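Asker: Pasting entry-v5.txt here (compact mmCIF, C-alpha atoms and all ligand atoms):
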# COMPACT_ATOMS: atom_id res chain seq x y z
CA MET O 1 45.59 -47.37 56.01
CA MET O 2 48.18 -48.97 58.32
CA ASN O 3 47.42 -51.79 60.70
CA SER O 4 47.76 -50.74 64.26
CA GLN O 5 50.77 -52.47 65.75
CA PRO O 6 49.06 -53.48 69.02
CA ASN O 7 46.38 -55.38 67.05
CA LEU O 8 48.98 -57.23 65.02
CA GLU O 9 50.94 -58.14 68.15
CA ARG O 10 47.82 -59.35 69.92
CA ALA O 11 46.81 -61.39 66.86
CA VAL O 12 50.21 -63.09 66.71
CA GLU O 13 50.10 -63.78 70.45
CA ALA O 14 46.60 -65.27 70.21
CA LEU O 15 47.60 -67.47 67.26
CA ARG O 16 50.75 -68.74 68.96
CA ALA O 17 48.70 -69.90 71.94
CA CYS O 18 45.87 -71.27 69.78
CA LEU O 19 45.20 -75.03 69.58
CA GLU O 20 41.98 -74.98 67.56
CA LEU O 21 41.82 -72.39 64.79
CA VAL O 22 38.88 -71.76 62.49
CA VAL O 23 39.41 -69.67 59.36
CA PHE O 24 36.12 -68.34 58.03
CA THR O 25 36.38 -67.05 54.47
CA GLY O 26 34.17 -65.00 52.18
CA ALA O 27 34.20 -63.43 48.74
CA GLY O 28 37.19 -61.18 49.54
CA ILE O 29 39.66 -64.08 49.41
CA SER O 30 38.42 -65.40 46.05
CA ALA O 31 38.30 -61.87 44.63
CA GLU O 32 42.10 -61.75 44.87
CA SER O 33 42.15 -64.79 42.55
CA GLY O 34 40.01 -62.87 40.07
CA ILE O 35 36.65 -64.44 40.93
CA ALA O 36 33.89 -61.85 40.72
CA THR O 37 31.57 -61.54 43.69
CA TYR O 38 27.79 -61.71 43.62
CA ARG O 39 27.72 -57.97 44.02
CA ASP O 40 29.70 -57.37 40.85
CA LYS O 41 27.89 -56.78 37.60
CA LEU O 42 27.99 -59.67 35.16
CA THR O 43 29.98 -59.30 31.98
CA GLY O 44 29.89 -60.59 28.42
CA LEU O 45 27.19 -63.05 27.54
CA TRP O 46 25.53 -62.77 30.93
CA ALA O 47 25.58 -58.97 31.28
CA GLN O 48 21.82 -58.77 30.64
CA TYR O 49 21.05 -60.80 33.78
CA GLN O 50 21.04 -59.93 37.45
CA PRO O 51 23.05 -62.56 39.39
CA GLU O 52 20.15 -62.78 41.87
CA ALA O 53 17.80 -63.88 39.10
CA LEU O 54 20.11 -66.77 38.14
CA GLU O 55 20.29 -68.12 41.69
CA THR O 56 16.74 -69.21 42.48
CA ALA O 57 14.75 -72.43 42.22
CA LYS O 58 11.97 -70.44 40.55
CA THR O 59 14.20 -69.44 37.61
CA PHE O 60 15.47 -73.01 37.34
CA LYS O 61 11.92 -74.37 37.09
CA GLU O 62 11.02 -71.78 34.45
CA ASN O 63 14.21 -72.12 32.43
CA PRO O 64 16.52 -74.99 33.45
CA ALA O 65 18.67 -74.63 30.30
CA LEU O 66 19.45 -71.01 31.18
CA ILE O 67 20.60 -71.94 34.69
CA TRP O 68 22.57 -75.00 33.55
CA GLY O 69 24.34 -72.94 30.87
CA TRP O 70 25.17 -70.30 33.49
CA TYR O 71 26.49 -73.04 35.78
CA LEU O 72 28.78 -74.48 33.09
CA TRP O 73 30.03 -71.02 32.22
CA ARG O 74 30.88 -70.24 35.85
CA ARG O 75 32.61 -73.59 36.31
CA ALA O 76 34.83 -72.75 33.35
CA GLN O 77 35.60 -69.29 34.80
CA PHE O 78 36.43 -70.76 38.20
CA ALA O 79 38.63 -73.48 36.69
CA ARG O 80 40.85 -70.76 35.23
CA ALA O 81 41.34 -69.07 38.64
CA GLU O 82 44.26 -70.16 40.82
CA PRO O 83 44.58 -70.25 44.62
CA ASN O 84 46.43 -67.16 45.88
CA ALA O 85 48.92 -66.40 48.66
CA ALA O 86 46.09 -66.10 51.19
CA HIS O 87 44.88 -69.66 50.53
CA PHE O 88 48.42 -71.00 50.93
CA ALA O 89 49.11 -68.88 54.04
CA ILE O 90 46.08 -70.42 55.77
CA ASN O 91 47.68 -73.84 55.41
CA ARG O 92 50.87 -72.48 56.97
CA LEU O 93 48.94 -71.47 60.10
CA ALA O 94 48.65 -75.16 61.05
CA SER O 95 51.29 -76.74 63.27
CA PRO O 96 51.74 -80.06 65.10
CA THR O 97 49.82 -78.50 68.02
CA ARG O 98 47.43 -76.27 66.08
CA LYS O 99 44.56 -77.65 64.03
CA VAL O 100 43.08 -75.48 61.29
CA ALA O 101 39.54 -75.90 60.00
CA ILE O 102 38.20 -73.80 57.15
CA VAL O 103 34.60 -72.68 56.90
CA THR O 104 33.87 -70.90 53.65
CA GLN O 105 30.97 -69.05 52.09
CA ASN O 106 32.65 -69.46 48.71
CA ILE O 107 31.48 -71.99 46.16
CA ASP O 108 34.83 -72.32 44.38
CA ASP O 109 37.38 -75.02 45.25
CA LEU O 110 40.41 -72.75 45.70
CA HIS O 111 40.98 -73.88 49.31
CA GLU O 112 41.02 -77.53 48.23
CA ARG O 113 43.32 -76.75 45.32
CA SER O 114 45.76 -75.01 47.71
CA GLY O 115 45.98 -78.28 49.62
CA SER O 116 43.49 -77.70 52.47
CA LEU O 117 41.80 -80.90 53.60
CA ASP O 118 39.29 -79.71 56.18
CA VAL O 119 36.92 -77.38 54.31
CA ILE O 120 33.23 -76.83 55.06
CA HIS O 121 31.27 -75.15 52.27
CA LEU O 122 28.36 -73.34 53.91
CA HIS O 123 26.80 -72.33 50.60
CA GLY O 124 27.58 -75.52 48.70
CA SER O 125 30.12 -75.93 45.94
CA LEU O 126 30.25 -75.74 42.18
CA THR O 127 32.34 -78.91 42.02
CA THR O 128 29.66 -81.63 41.99
CA PRO O 129 26.13 -80.85 40.78
CA LYS O 130 23.09 -82.58 42.24
CA CYS O 131 19.64 -83.71 41.15
CA PHE O 132 16.93 -81.07 41.48
CA ALA O 133 14.34 -83.74 42.33
CA CYS O 134 16.07 -86.28 44.60
CA HIS O 135 19.12 -84.16 45.65
CA ARG O 136 21.58 -87.01 45.03
CA PRO O 137 25.04 -85.87 43.92
CA ALA O 138 25.47 -86.18 40.16
CA ASP O 139 27.61 -88.76 38.46
CA LEU O 140 28.40 -86.95 35.23
CA THR O 141 31.09 -87.44 32.65
CA ALA O 142 33.66 -84.72 31.98
CA GLU O 143 31.99 -84.16 28.59
CA GLN O 144 28.69 -83.34 30.24
CA LEU O 145 30.43 -80.58 32.20
CA VAL O 146 32.10 -78.85 29.29
CA THR O 147 30.85 -75.37 28.40
CA PRO O 148 29.92 -75.19 24.72
CA PRO O 149 32.15 -72.63 22.97
CA THR O 150 29.11 -70.56 22.12
CA GLY O 151 28.03 -70.38 25.78
CA GLY O 152 24.42 -69.63 26.57
CA PRO O 153 21.65 -72.03 27.61
CA VAL O 154 22.31 -75.79 27.77
CA GLU O 155 19.73 -78.48 28.64
CA PRO O 156 20.72 -80.02 32.00
CA PRO O 157 21.59 -83.72 32.01
CA ARG O 158 19.16 -86.11 33.72
CA CYS O 159 19.57 -88.00 36.99
CA LYS O 160 20.28 -91.71 36.45
CA ARG O 161 18.14 -92.62 39.47
CA CYS O 162 14.97 -90.56 39.03
CA ASN O 163 15.34 -88.77 35.69
CA GLY O 164 15.26 -85.41 37.48
CA LYS O 165 17.20 -82.47 36.08
CA MET O 166 20.70 -81.68 37.29
CA ARG O 167 21.28 -78.40 39.09
CA PRO O 168 24.32 -76.82 40.76
CA ALA O 169 24.75 -77.97 44.36
CA ILE O 170 24.91 -74.43 45.72
CA VAL O 171 22.55 -72.62 48.06
CA TRP O 172 20.20 -70.45 46.06
CA TYR O 173 18.34 -67.41 47.36
CA GLY O 174 15.58 -68.52 49.69
CA GLU O 175 17.13 -71.95 50.34
CA ASP O 176 18.46 -73.18 53.69
CA LEU O 177 22.12 -73.94 54.25
CA PRO O 178 23.01 -77.65 54.06
CA HIS O 179 22.14 -78.85 57.57
CA GLY O 180 25.27 -80.92 58.10
CA ALA O 181 27.55 -78.09 56.96
CA TRP O 182 26.00 -75.56 59.33
CA LYS O 183 26.03 -78.02 62.23
CA SER O 184 29.70 -78.93 61.88
CA ALA O 185 30.71 -75.30 61.20
CA SER O 186 28.97 -73.99 64.30
CA SER O 187 30.35 -76.76 66.51
CA LYS O 188 33.90 -76.11 65.29
CA VAL O 189 33.40 -72.38 65.90
CA LYS O 190 32.10 -72.98 69.43
CA ALA O 191 35.19 -75.09 70.22
CA CYS O 192 37.86 -72.84 68.69
CA ASP O 193 40.31 -70.56 70.52
CA VAL O 194 40.70 -68.16 67.59
CA LEU O 195 38.53 -67.46 64.56
CA ILE O 196 40.04 -65.52 61.66
CA SER O 197 37.33 -64.02 59.49
CA VAL O 198 38.73 -63.26 56.03
CA GLY O 199 37.05 -61.06 53.44
CA THR O 200 33.51 -61.65 54.67
CA SER O 201 30.93 -58.94 54.27
CA GLY O 202 29.21 -59.71 57.56
CA VAL O 203 25.78 -59.33 55.96
CA VAL O 204 24.94 -62.79 54.57
CA MET O 205 22.91 -64.64 57.21
CA PRO O 206 23.20 -66.99 58.97
CA ALA O 207 26.91 -67.25 58.05
CA ALA O 208 27.52 -63.78 59.53
CA GLU O 209 26.57 -65.24 62.93
CA LEU O 210 29.77 -67.31 63.11
CA PRO O 211 32.07 -64.54 64.44
CA LYS O 212 29.41 -63.74 67.06
CA ILE O 213 29.19 -67.41 68.07
CA ALA O 214 33.01 -67.50 68.43
CA LEU O 215 33.03 -64.34 70.57
CA SER O 216 30.27 -65.57 72.84
CA SER O 217 32.17 -68.86 73.28
CA GLY O 218 35.21 -66.92 74.54
CA ALA O 219 37.36 -67.07 71.40
CA THR O 220 39.40 -64.23 69.93
CA VAL O 221 38.14 -63.06 66.53
CA ILE O 222 40.64 -61.60 64.07
CA HIS O 223 39.09 -59.78 61.10
CA VAL O 224 41.20 -59.63 57.96
CA ASN O 225 39.38 -57.23 55.69
CA THR O 226 39.82 -54.14 53.55
CA GLN O 227 36.95 -52.57 55.50
CA ASP O 228 36.17 -52.20 59.19
CA VAL O 229 33.73 -55.07 59.82
CA ALA O 230 34.37 -55.39 63.58
CA LEU O 231 31.39 -55.61 65.90
CA GLY O 232 33.03 -53.58 68.65
CA GLU O 233 33.68 -56.40 71.14
CA PRO O 234 36.81 -56.43 73.34
CA ASN O 235 38.03 -59.79 71.98
CA GLU O 236 38.02 -58.60 68.38
CA LEU O 237 41.09 -57.53 66.45
CA LEU O 238 40.85 -55.80 63.10
CA LEU O 239 43.72 -56.16 60.63
CA LEU O 240 42.96 -53.85 57.74
CA GLY O 241 44.37 -54.87 54.39
CA ARG O 242 44.33 -57.42 51.62
CA ALA O 243 43.98 -61.08 52.59
CA THR O 244 47.05 -62.13 50.59
CA GLU O 245 49.32 -59.65 52.39
CA THR O 246 47.86 -59.89 55.88
CA LEU O 247 47.64 -63.69 56.08
CA SER O 248 51.14 -64.15 54.64
CA MET O 249 52.44 -61.75 57.29
CA LEU O 250 50.63 -63.62 60.09
CA ALA O 251 51.91 -66.98 58.86
CA ASN O 252 55.47 -65.62 58.80
CA LEU O 253 55.23 -64.03 62.25
CA ILE O 254 53.87 -67.02 64.15
ZN ZN O 301 17.38 -87.77 41.00
Rewrite the structure of this file - the entire thing - as structure tokens.
Ligand SMILES: [Zn+2]

Answerer:
Amino acid sequence: MMNSQPNLERAVEALRACLELVVFTGAGISAESGIATYRDKLTGLWAQYQPEALETAKTFKENPALIWGWYLWRRAQFARAEPNAAHFAINRLASPTRKVAIVTQNIDDLHERSGSLDVIHLHGSLTTPKCFACHRPADLTAEQLVTPPTGGPVEPPRCKRCNGKMRPAIVWYGEDLPHGAWKSASSKVKACDVLISVGTSGVVMPAAELPKIALSSGATVIHVNTQDVALGEPNELLLLGRATETLSMLANLI
């Protein structure tokens, strides 16, 4: 399906005039780097599990080695993925007069690896694990983070402070978003002139509130998505298509 020209022109116009830009990203942008989404079925070793079952504190308490093994396996998968043209195009949207902040639902570090400095991870990040008991970030050696060639369950290392078990520092089902991350994301969104929402499903709460917060604060919201996720507000522009193509085009046009 073609993008309607008026929407593209309005998006370019809004971005040219924009001083504070927030780019809000979801699974769609990482998918173009080959990272499977939560809604995809697991493959290989992990095919017998539902992703939902591997993302809860309850499962961790019952079987920490299973969850730590899964964590190491995913880290290894993510390390093989590379930032794509969409990640790099976001950096090109910045200018001496236009600040760009990134708010992401993704737990990979592809934005950081593309050179973005201002990234808020609403659902945590796979980069640095934390202690299940005292929540302090882990101080682990590279060896402790290597996936054994056989894969499968691995006993989690212990916290040096409290001897608690290490867990991934991501938001599991039923857990709240990190308070600081949500607070700074929503304040940036309230203050922005334009929010570009890239590859977000619009169903994961409370992250899905961010485009609504931007709209009610008077910002223009540009949706870059392969599906129509617009809410039907006058200040919304939908650019249908892949993130890599659409964001590269926007970066070139402004
Ligand atoms: Zn601890």

Asker: Considering all atoms listed in the file, state which residue in the set O:Leu122, O:Ala251, O:Lys165, O:His135 is at the smallest distance from O:Met205.

Answerer: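 Among the listed residues, O:Leu122 lies closest to O:Met205.
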
Asker: Throw together the list of residues within 6 Å of ligand ZN 301 (chain O), counting all atoms listed in the file, and drop it here as a ChimeraX atom specification.

Answerer: /O:131,133-134,136,159,161-164

Asker: Which neighbours of stretch 65-76 of chain O fall inside 7 Å, counting only C-alpha atoms, when residues of the same chain fewer than 3 positions from it are skipped, and could you give them as a PyMOL selection string?

Answerer: chain O and resi 54+60+79-80+126+145-147+151-156+167-168

Asker: Can you check which parts of stretch 105-161 of chain O lie within 12 Å of stretch 96-100 of chain O? Per residue, the shortest pair of atoms and distance in Å to one decimal, counting all atoms listed in the file, sorted by chain and number, as a Markdown table.

Answerer:
| residue | atom | partner | partner_atom | distance |
| --- | --- | --- | --- | --- |
| O:Ser116 | CA | O:Val100 | CA | 9.1 |
| O:Leu117 | CA | O:Val100 | CA | 9.5 |
| O:Asp118 | CA | O:Val100 | CA | 7.6 |
| O:Val119 | CA | O:Val100 | CA | 9.5 |
| O:Ile120 | CA | O:Val100 | CA | 11.7 |

Asker: List the neighbours of O:Ser217 out to 12 Å using all atoms listed in the file; skip same-chain residues closer than 4 positions along the sequence, and give me the result as a PyMOL selection string.

Answerer: chain O and resi 186-195+210-213+221+235

Asker: Hey, can you check how far atom CA of O:Ala230 sits from atom CA of O:Asp109?

Answerer: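 So the two atoms, atom CA of O:Ala230 and atom CA of O:Asp109, lie 27.0 Å apart.
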
Asker: So what do you get for atom CA of O:Gln105 versus atom CA of O:His123, distance-wise?

Answerer: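 Computing the Euclidean distance for atom CA of O:Gln105 and atom CA of O:His123 yields 5.5 Å.
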